[in-house]
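S.K.: Here it is: the structure, laid out below.
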Amino acid sequence: MEEDQLLENLVLELRRGVIVLAVLSQLQEEQYGYSILKQLAEKGLGVDQGTLYPLLRRMESQGLLKSRWRVESDRPRRYYIASPLGRQILPKVKSEWIKISGTLDKFLEE
Amino acid sequence: MKNKLIDAYVACVGESLPEKDRADIEAEISSLLQDMVESRADAENREPDDEMVCAVLKEFGEPEKVAASYREPHYLIGPRLFPPFQMVLKIVLAVLGAIALAGLVYTLTRLGSVPLETIITQSIEAIVQYLGSAVTVFGNVVLIFAILEIALPRIGRKKKEWDPRSLTGFTPVDSIEPAGLAADIAFNAFAIVLFNFYPDWVAVSFREGVGWVQSGTVLSAAFFSFLPWLTLAWAAKIIVDVALLAKGRWTRALRWVFAAAEVFMIGVLAAMLFGEPIIDLAEISTSLGLAGDLPFDGGIYFTVRFILLIIIIATGSDAVKVLKPEFHRQPVPSVE
């Protein structure tokens, strides 16, 4: 049981590190919160909503995202999109990720 | 789609959110929940009902947990100050325990031959009083460190752009411990305030009949004659500590100034050690309406002098530790 909990925490920590990159990559076009969650899940990165929604706000306060409220079907939705800074930073973070991922692949093959 | 359960849930989350962002986060959560319910209704090909809303809310999580995920972590006492906080608390509580124990022993001695029941009752009352005092002390120490937690980042903030050339001549022995210095500042300031403005608090209280009796201050006239010098020594330590925090590292000048402040403190303490007693036991007897000397007064005077001696040795050891690198410094190539 303790081992399961430990594994769950380790996986959670791993995911936390890559969610920012995943979200930034998916927000080249405007999307609302729930659609981002669904899109990430459909592509294989299930993210806890308690992690994703506060993260979107933090990324916005860091200047990586922009958001605006839009009224659709008589109710408001908050849409997020990568800011110019977010777009500028994305390729750099992506290249870092590729390097890290490649290095780790080598470690894990050993 | 409006739903009373969703509204109640959102209001419940909002209660634990900071007021500044509350309305915005509430609107966002409400919108997200409605999206989730709609999506589920589409997937199940039926109209949303309370059962479905309940399932979605359960999946979204407990309101307090959701609100917590939107709040930035705040520390009353953060990881940086926690080790000195623990250390100070242990020392203060141990000293308080020693005083309480001494008070209990003294009370029992005064009562003479008493039944076991009285001893147990007195002991329980002493423990209760100790716990009460411990809670007060704990609160005060927490308050001091909480203020430091807020103030420290401002003190340590660098205004100028950092220049690697400032490392010229720097070695690891020059690094400082900001948390330790902050604690030192707080407790020197506390000593100045306590002994100058509230000397009556330095008193002895013990059980007398049905109630507690508190003496007047135990500090003697001799102590008060040293107080201006002690205050000067504490103030000097505060100034040096603040200068160290501002500089961010030890420099040759600061080492010598620190050592000078410590030597000054040793001088004052030595004068106290070899001079008239700094506590007045006769004053305690008078305050408590007792005739004659207190029991073990010779032992108490000896203990106070012994404590002074220990403080002198510790202060001297600090001064030597700080000055040592000046005499054993390895030459460091300068940065051109």
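Ordering of the structure tokens sets the chain letters (A, B, ...), residue numbers begin anew at 1 in every chain, and ligands are numbered from 1 in the order given.
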Need to verify the contact set: stretch 247-259 of chain B, 8 Å, only C-alpha atoms, exclusion of same-chain residues closer than 2 positions in sequence. Can you return it as an MDAnalysis selection string?

M.R.: chainID B and resid 156 174:176 237 240 243:245 261:263 319:320 322:323 326

S.K.: Could you list, as a PyMOL selection string, every residue of chain B that has an atom within 10 Å of an atom of chain A, counting only C-alpha atoms?

M.R.: chain B and resi 1-2+24-25+27-36+39+59-61+65-72

S.K.: If you run DSSP on this backbone, which residues of stretch 50-108 of chain A come out as strand (DSSP E or B), and could you give them as a list of chain:residue names?

M.R.: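 Filtering stretch 50-108 of chain A down to strand (DSSP E or B) leaves A:Leu65, A:Lys66, A:Ser67, A:Arg68, A:Trp69, A:Arg70, A:Val71, A:Glu72, A:Arg75, A:Pro76, A:Arg77, A:Arg78, A:Tyr79, A:Tyr80, A:Ile81, A:Ala82.
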
S.K.: Put those residues in a file: C-alpha atoms, as a compact mmCIF listing (two decimals), in the first residue's frame.

M.R.:
# COMPACT_ATOMS: atom_id res chain seq x y z
CA LEU A 65 -0.94 32.60 -21.20
CA LYS A 66 -3.69 35.12 -21.85
CA SER A 67 -7.31 34.58 -21.03
CA ARG A 68 -10.68 36.18 -21.72
CA TRP A 69 -14.28 35.44 -20.91
CA ARG A 70 -16.55 34.62 -23.83
CA VAL A 71 -20.29 34.08 -23.64
CA GLU A 72 -21.42 30.98 -25.51
CA ARG A 75 -23.15 31.22 -20.37
CA PRO A 76 -19.61 32.50 -19.91
CA ARG A 77 -16.49 30.44 -20.47
CA ARG A 78 -12.90 31.43 -19.82
CA TYR A 79 -10.71 30.87 -22.87
CA TYR A 80 -6.94 30.56 -22.63
CA ILE A 81 -4.29 31.02 -25.32
CA ALA A 82 -0.48 31.20 -25.32

S.K.: Using only C-alpha atoms, determine which residues lie at most 12 Å from A:Leu12, disregarding the query and same-chain residues fewer than 6 positions distant; provide the list as a PyMOL selection string.

M.R.: chain A and resi 5-6+18-19+45-48+51

S.K.: Grab the atom CA of B:Val193 to atom CA of B:Leu131 distance for me, in Å with one decimal place.

M.R.: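 Answer for the atom CA of B:Val193 to atom CA of B:Leu131 separation: 24.3 Å.
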
S.K.: If you count only C-alpha atoms, which residues fall within 8 Å of stretch 181-192 of chain B, apart from same-chain ones fewer than 6 positions away, as a ChimeraX atom specification?

M.R.: /B:84-85,144-145,148,152,231,234-235,237-238,241-242,245

S.K.: Enumerate as a PyMOL selection string all residues of chain A assigned to helix (DSSP H, G or I) by DSSP on the backbone, naming them with the chain letters and numbers the document uses.

M.R.: chain A and resi 2-26+33-42+49-61+84-109

S.K.: Could you name the residues that touch B:Ala203 at 6 Å or less, counting only C-alpha atoms, but leaving out those on the same chain fewer than 3 positions away, as a PyMOL selection string?

M.R.: chain B and resi 215-218

S.K.: Need the shell around B:His74: protein/DNA/RNA residues with any atom at most 12 Å away, counting only C-alpha atoms. Skip same-chain ones fewer than 6 positions apart. Format as a PyMOL selection string?

M.R.: chain B and resi 68+146+149-150

S.K.: Please report the interatomic distance between atom CA of B:Leu281 and atom CA of B:Phe224 in Å with one decimal.

M.R.: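 Straight-line distance from atom CA of B:Leu281 to atom CA of B:Phe224 works out to 15.0 Å.
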
S.K.: Would you mind listing what lies within 10 Å of stretch 95-105 of chain A as a PyMOL selection string, with only C-alpha atoms counted and same-chain residues fewer than 5 positions away left out?

M.R.: chain A and resi 18+21+90+110

S.K.: Any chance you could export the current selection's N, CA and C atoms as an mmCIF file, in the first residue's frame?

M.R.:
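This is the output file out_13.cif:
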data_model
loop_
_atom_site.group_PDB
_atom_site.id
_atom_site.type_symbol
_atom_site.label_atom_id
_atom_site.label_comp_id
_atom_site.auth_asym_id
_atom_site.auth_seq_id
_atom_site.Cartn_x
_atom_site.Cartn_y
_atom_site.Cartn_z
ATOM 1 N N VAL A 18 5.973 18.186 -16.526
ATOM 2 C CA VAL A 18 5.765 18.279 -17.981
ATOM 3 C C VAL A 18 4.431 18.919 -18.364
ATOM 4 N N LEU A 21 4.650 22.319 -20.165
ATOM 5 C CA LEU A 21 5.029 22.204 -21.581
ATOM 6 C C LEU A 21 3.850 21.692 -22.408
ATOM 7 N N LEU A 90 8.069 28.619 -25.831
ATOM 8 C CA LEU A 90 7.724 27.212 -26.124
ATOM 9 C C LEU A 90 8.847 26.433 -26.830
ATOM 10 N N GLU A 110 20.714 1.810 -20.091
ATOM 11 C CA GLU A 110 21.930 1.206 -19.516
ATOM 12 C C GLU A 110 21.612 -0.026 -18.678
#

S.K.: Counting only C-alpha atoms, figure out which residue out of B:Val173, B:Val204, B:Leu308, B:Ile124 gets nearest to B:Gly275.

M.R.: B:Leu308

S.K.: What gap, in Å, lies between atom CA of B:Ala270 and atom CA of B:Phe302?

M.R.: 14.6 Å
